[in-house]
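Below is one structure, written out as structure tokens; comments come after it.
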Amino acid sequence: MMENFFACGFVFLIYAIRKFFKNKILYPSIVFSAMWGIACVYTGAILNGYGENLMLKEYYEYQYMDSYIVLFTIASLLGFMLAHLFTGRNNKKVNLAMSNTFMDNILEKYKWVMWLNFYGGLLRIVAVIITFGFNSFGDYRLAANALMMSSTFSFVGIVFRLTAYTQMLANVYLALYGLKTGFGQLDMKKMVGMFILFAPTQMATGGRLFVLYFILYFFGSFILARGLKIREDGGRLFERSERRIIVYATAFFFFVVAAIPMLRSGGVREDNESALEKFAYITEGALSTEQLMQVIPPESVQPEYGMASFGNFSDQHKEYLSFLLGTKNSAGVKAFLVPLYLDFGYYGSVVALFFLAFLIEYFAIRCLNWLTVIRLCVFVLLLKMVYESVISPIISINFPQIELIIIFAIFYRSLFGNLKADDVEYEESDE
């Protein structure tokens, strides 16, 4: 059982590493393979006995996912590779359609977005504390999540909804800031300042995803720009001074991601999970999928043909959620495989996964072929979707981001003005 997870995990990681260092472009396939590679290897380690203090340790007994993960790996990687194979040579060129002056003007014009995001996050925190008080980080987390998911039009509910939009604007700004930084020099003080302005809105929910989203938006765009710069002017992915910054940032991010769940649960001593075991949540999406298959076996599932992925809660979906309520995984992390399985069944979801992987990678390649602000938003959204695939349904939760991109496209000229291309071009090396 664990052998399949280890094998698939290493295949994913080898693909991600090889693809990245060959092209210096952070394609969605690389992010997807890195996330699922780590999840598979970690799952294999748990099945091999690691993590005896894990809260969900008793549930890691697989009947379906050990064989499904093999089909999952083949389908997704095949889809990614065919997207590159079926993309014409001219469409493999990465062209930046924004001048440095254009990016500087946009960043200067909308720098208030990050401050709005910062103060909006603080307002979220104050609203939760005023409404529920503050007894512990764990209680705060539950209260904040309840408010985030509620549909009331109370003051605090309105605050959460408005600040959700400011967070989306901050995501776009951060991606453009990362892109501009990639053509220049990584600066520790500026990066920390941007992180502080970015963090509060999502940090207000008591979670730790703001750290990972910052890495995705900022460094995803940074690496994209740096890859273009290397091809044009030479140099390295990270200069010597930048490497020190990366080391310090990695240590800091690791500490924050591990520390937040410890604070929520009262510290390491209370639940006995180590700092490294706190990262086991990355495996819980596959675990939730296994539990779904146990509740609704392949021969019993009734295909919903896309309704589950679009957020519909059918009777069988509710049956699965009711089952989770009776387990320690009642607030479980759910991978995008949960709605995909409900929509198309065991083998059908593998076929759907192949087409989904193909389309995501294909659209990413086309976006890079002529990279405007709108296409940068789409590209980063695709990165976000594949990153979230381990822990979330990726279609329904991203509807607001899609709506924002449509608004940007409709009011493009009034928001961003005219483009001037720098004629920066990079052509992907042949496979």
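Each chain of the structure tokens is named A, B, ... in the order shown, its residues numbered from 1; ligands are numbered from 1 in display order.
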Shell of 9 Å around range 411-417 of chain A, only C-alpha atoms, local chain residues under 6 positions omitted, as a list in words: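 Answer for this query is Phe102, Asn105, Ile106, Val373 and Ile374 of chain A.
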Pull C-alpha atoms from the residues just selected and write them as a compact mmCIF listing (two decimals), in the first residue's frame.
# COMPACT_ATOMS: atom_id res chain seq x y z
CA PHE A 102 3.78 50.23 -17.13
CA ASN A 105 2.84 52.96 -12.84
CA ILE A 106 0.29 50.30 -11.88
CA VAL A 373 -2.22 42.05 -16.58
CA ILE A 374 -5.37 40.04 -17.28
Near-range 292-305 of chain A list (6 Å; only C-alpha atoms; drop same-chain fewer than 2 positions) as a ChimeraX atom specification: /A:289-290,307,342-346
Neighbours of range 384-388 of chain A within 12 Å (only C-alpha atoms; same-chain residues fewer than 4 positions away dropped), as a ChimeraX atom specification? /A:26-39,76,80,168,171-172,175,209,212-218,220-221,282,285,333-337,353,356-357,359-361,364,377-380,392-399,401-402
Store the residues of this selection in a file with C-alpha atoms, as a compact mmCIF listing (two decimals), in the first residue's frame.
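Output file part_7.txt follows:
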# COMPACT_ATOMS: atom_id res chain seq x y z
CA LEU A 26 6.67 27.81 -12.65
CA TYR A 27 4.01 26.07 -14.72
CA PRO A 28 0.83 24.81 -12.98
CA SER A 29 2.05 21.25 -13.61
CA ILE A 30 5.12 21.96 -11.47
CA VAL A 31 3.11 23.33 -8.54
CA PHE A 32 0.60 20.47 -8.82
CA SER A 33 3.33 17.82 -8.97
CA ALA A 34 5.26 19.35 -6.08
CA MET A 35 2.19 19.52 -3.82
CA TRP A 36 0.93 16.03 -4.64
CA GLY A 37 4.45 14.61 -4.57
CA ILE A 38 4.97 15.84 -1.02
CA ALA A 39 1.48 14.66 -0.03
CA SER A 76 -2.48 14.07 -14.45
CA PHE A 80 0.31 18.04 -18.48
CA MET A 168 -8.44 39.28 -3.97
CA ASN A 171 -3.48 38.88 -4.51
CA VAL A 172 -3.34 40.56 -7.92
CA ALA A 175 1.57 38.91 -8.16
CA LEU A 209 -2.69 29.67 4.41
CA LEU A 212 1.56 29.73 1.51
CA TYR A 213 -0.49 32.10 -0.62
CA PHE A 214 2.17 34.78 -0.20
CA ILE A 215 4.79 32.30 -1.41
CA LEU A 216 2.61 31.31 -4.35
CA TYR A 217 1.69 34.80 -5.55
CA PHE A 218 4.96 36.59 -4.87
CA GLY A 220 5.49 32.33 -8.43
CA SER A 221 5.56 35.63 -10.33
CA ILE A 282 -1.35 18.19 3.36
CA GLY A 285 -7.26 15.72 1.31
CA VAL A 333 -9.49 18.98 4.58
CA LYS A 334 -11.12 17.91 1.31
CA ALA A 335 -9.11 17.59 -1.87
CA PHE A 336 -10.56 18.45 -5.28
CA LEU A 337 -10.95 14.69 -5.78
CA LEU A 353 -8.65 14.59 -14.29
CA LEU A 356 -8.59 19.06 -16.44
CA ALA A 357 -4.79 18.78 -16.21
CA LEU A 359 -6.71 22.35 -20.04
CA ILE A 360 -5.07 24.02 -17.02
CA GLU A 361 -1.57 23.59 -18.44
CA ALA A 364 -1.27 28.61 -18.71
CA CYS A 377 -4.31 37.17 -13.24
CA VAL A 378 -5.48 34.04 -15.09
CA PHE A 379 -2.04 32.43 -14.87
CA VAL A 380 -1.78 33.07 -11.12
CA SER A 392 -9.79 22.18 -1.46
CA PRO A 393 -12.33 21.83 -4.26
CA ILE A 394 -10.73 24.06 -6.86
CA ILE A 395 -13.66 25.18 -9.01
CA SER A 396 -16.45 26.37 -6.73
CA ILE A 397 -14.18 28.23 -4.30
CA ASN A 398 -12.57 30.22 -7.11
CA PHE A 399 -15.75 31.70 -8.63
CA GLN A 401 -11.60 35.26 -8.48
CA ILE A 402 -13.03 34.48 -11.90
Test item, alpha helix (DSSP H) assignment across range 15-98 of chain A, answer as JSON, numbers by chain: {"A": [15, 16, 17, 18, 19, 20, 21, 22, 23, 28, 29, 30, 31, 32, 33, 34, 35, 36, 37, 38, 39, 40, 41, 42, 43, 44, 45, 46, 47, 65, 66, 67, 68, 69, 70, 71, 72, 73, 74, 75, 76, 77, 78, 79, 80, 81, 82, 83, 84, 85]}
Write out as a PyMOL selection string which residues come within 12 Å of Phe355 in chain A when counting only C-alpha atoms, dropping same-chain ones fewer than 6 positions away. chain A and resi 75-83+348-349+361-362
Keeping only N, CA and C atoms, write those residues as a PDB file, in the first residue's frame.
ATOM      1  N   ALA A  75      -2.754   9.852 -15.110  1.00  0.00           N
ATOM      2  CA  ALA A  75      -3.681  10.730 -15.823  1.00  0.00           C
ATOM      3  C   ALA A  75      -3.234  12.190 -15.768  1.00  0.00           C
ATOM      4  N   SER A  76      -2.850  12.664 -14.594  1.00  0.00           N
ATOM      5  CA  SER A  76      -2.484  14.074 -14.451  1.00  0.00           C
ATOM      6  C   SER A  76      -1.193  14.393 -15.195  1.00  0.00           C
ATOM      7  N   LEU A  77      -0.171  13.566 -15.050  1.00  0.00           N
ATOM      8  CA  LEU A  77       1.093  13.842 -15.733  1.00  0.00           C
ATOM      9  C   LEU A  77       0.948  13.714 -17.252  1.00  0.00           C
ATOM     10  N   LEU A  78       0.145  12.762 -17.681  1.00  0.00           N
ATOM     11  CA  LEU A  78      -0.092  12.608 -19.123  1.00  0.00           C
ATOM     12  C   LEU A  78      -0.798  13.845 -19.677  1.00  0.00           C
ATOM     13  N   GLY A  79      -1.758  14.362 -18.944  1.00  0.00           N
ATOM     14  CA  GLY A  79      -2.452  15.575 -19.373  1.00  0.00           C
ATOM     15  C   GLY A  79      -1.509  16.758 -19.464  1.00  0.00           C
ATOM     16  N   PHE A  80      -0.648  16.933 -18.466  1.00  0.00           N
ATOM     17  CA  PHE A  80       0.307  18.037 -18.482  1.00  0.00           C
ATOM     18  C   PHE A  80       1.269  17.927 -19.658  1.00  0.00           C
ATOM     19  N   MET A  81       1.806  16.736 -19.875  1.00  0.00           N
ATOM     20  CA  MET A  81       2.793  16.556 -20.944  1.00  0.00           C
ATOM     21  C   MET A  81       2.174  16.745 -22.322  1.00  0.00           C
ATOM     22  N   LEU A  82       0.955  16.266 -22.497  1.00  0.00           N
ATOM     23  CA  LEU A  82       0.301  16.426 -23.795  1.00  0.00           C
ATOM     24  C   LEU A  82      -0.034  17.893 -24.078  1.00  0.00           C
ATOM     25  N   ALA A  83      -0.281  18.680 -23.024  1.00  0.00           N
ATOM     26  CA  ALA A  83      -0.538  20.106 -23.218  1.00  0.00           C
ATOM     27  C   ALA A  83       0.670  20.784 -23.852  1.00  0.00           C
ATOM     28  N   GLY A 348     -14.261   7.352 -14.089  1.00  0.00           N
ATOM     29  CA  GLY A 348     -14.637   8.572 -14.794  1.00  0.00           C
ATOM     30  C   GLY A 348     -13.881   9.790 -14.282  1.00  0.00           C
ATOM     31  N   SER A 349     -13.602   9.827 -12.976  1.00  0.00           N
ATOM     32  CA  SER A 349     -12.863  10.953 -12.412  1.00  0.00           C
ATOM     33  C   SER A 349     -11.421  10.968 -12.922  1.00  0.00           C
ATOM     34  N   GLU A 361      -2.922  23.343 -17.926  1.00  0.00           N
ATOM     35  CA  GLU A 361      -1.571  23.592 -18.436  1.00  0.00           C
ATOM     36  C   GLU A 361      -1.614  24.311 -19.778  1.00  0.00           C
ATOM     37  N   TYR A 362      -2.558  23.926 -20.632  1.00  0.00           N
ATOM     38  CA  TYR A 362      -2.667  24.537 -21.948  1.00  0.00           C
ATOM     39  C   TYR A 362      -2.984  26.027 -21.838  1.00  0.00           C
TER      40      TYR A 362
END
Can you tell me how far CA of Leu169 in chain A sits from CA of Ile129 in chain A, in Å to one decimal?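 Atom-to-atom, CA of Leu169 in chain A to CA of Ile129 in chain A, that is 25.1 Å.
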One-decimal distance in Å that lies between CA of Lys190 in chain A and CA of Lys111 in chain A: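 Straight-line distance from CA of Lys111 in chain A to CA of Lys190 in chain A works out to 13.0 Å.
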Best match for closeness to Arg124 in chain A among A:Ile391, A:Ala204, A:Ile406, A:Leu47, counting only C-alpha atoms: A:Ala204
Residue with smallest distance to Val159 in chain A - pool A:Tyr177, A:Phe252, A:Tyr119, A:Phe195, counting only C-alpha atoms: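 The closest residue to Val159 in chain A is A:Tyr119.
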One number please: CA of Thr166 in chain A to CA of Gly120 in chain A, in Å, one decimal. 7.6 Å
Determine the nearest neighbour of His84 in chain A from the options A:Phe6, A:Glu284, A:Asn53, A:Phe363, counting only C-alpha atoms.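 Looking only at the distances to His84 in chain A, the closest residue turns out to be A:Phe363.
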Do a neighbour search on range 59-64 of chain A at 12 Å with only C-alpha atoms, toss out local chain neighbours closer than 3 positions, and write the hits as a VMD selection string. chain A and resid 1 to 2 4 to 5 42 to 52 54 to 56 67 to 72 280 283 to 298 324 327 to 329 332 346 to 347
From the set A:Gly178, A:Asn117, A:Val211, A:Ala409, which residue has the shortest atom-to-atom contact distance to Thr250 in chain A, counting only C-alpha atoms?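 Among the listed residues, A:Val211 lies closest to Thr250 in chain A.
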With a distance cut-off of 8 Å and only C-alpha atoms, select the neighbouring residues of Lys24 in chain A, excluding the residue or stretch itself and same-chain residues fewer than 3 positions from it, and output the selection as number ranges by chain. A: 19-21, 223-224, 226-227, 237
With N, CA, C and O atoms retained, write the just-selected residues as a PDB file, in the first residue's frame.
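Result file part_2.pdb:
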ATOM      1  N   LYS A  19      11.224  19.563 -14.662  1.00  0.00           N
ATOM      2  CA  LYS A  19      10.534  20.562 -15.473  1.00  0.00           C
ATOM      3  C   LYS A  19      10.934  21.973 -15.071  1.00  0.00           C
ATOM      4  O   LYS A  19      11.151  22.838 -15.926  1.00  0.00           O
ATOM      5  N   PHE A  20      11.060  22.200 -13.779  1.00  0.00           N
ATOM      6  CA  PHE A  20      11.386  23.550 -13.320  1.00  0.00           C
ATOM      7  C   PHE A  20      12.808  23.951 -13.713  1.00  0.00           C
ATOM      8  O   PHE A  20      13.031  25.032 -14.258  1.00  0.00           O
ATOM      9  N   PHE A  21      13.779  23.107 -13.438  1.00  0.00           N
ATOM     10  CA  PHE A  21      15.160  23.485 -13.706  1.00  0.00           C
ATOM     11  C   PHE A  21      15.471  23.487 -15.199  1.00  0.00           C
ATOM     12  O   PHE A  21      16.443  24.118 -15.622  1.00  0.00           O
ATOM     13  N   ILE A 223       9.677  34.123  -9.890  1.00  0.00           N
ATOM     14  CA  ILE A 223      10.426  33.112 -10.636  1.00  0.00           C
ATOM     15  C   ILE A 223      10.129  33.207 -12.123  1.00  0.00           C
ATOM     16  O   ILE A 223      11.010  33.004 -12.965  1.00  0.00           O
ATOM     17  N   LEU A 224       8.879  33.524 -12.468  1.00  0.00           N
ATOM     18  CA  LEU A 224       8.525  33.695 -13.868  1.00  0.00           C
ATOM     19  C   LEU A 224       9.366  34.817 -14.491  1.00  0.00           C
ATOM     20  O   LEU A 224       9.960  34.648 -15.569  1.00  0.00           O
ATOM     21  N   ARG A 226      12.174  36.101 -13.320  1.00  0.00           N
ATOM     22  CA  ARG A 226      13.597  35.793 -13.257  1.00  0.00           C
ATOM     23  C   ARG A 226      13.997  34.815 -14.365  1.00  0.00           C
ATOM     24  O   ARG A 226      15.102  34.912 -14.916  1.00  0.00           O
ATOM     25  N   GLY A 227      13.103  33.888 -14.690  1.00  0.00           N
ATOM     26  CA  GLY A 227      13.377  32.982 -15.802  1.00  0.00           C
ATOM     27  C   GLY A 227      13.519  33.733 -17.109  1.00  0.00           C
ATOM     28  O   GLY A 227      14.405  33.442 -17.923  1.00  0.00           O
ATOM     29  N   LEU A 237      19.272  32.032 -11.071  1.00  0.00           N
ATOM     30  CA  LEU A 237      17.905  32.158 -10.580  1.00  0.00           C
ATOM     31  C   LEU A 237      17.872  33.030  -9.336  1.00  0.00           C
ATOM     32  O   LEU A 237      17.010  33.905  -9.193  1.00  0.00           O
TER      33      LEU A 237
END
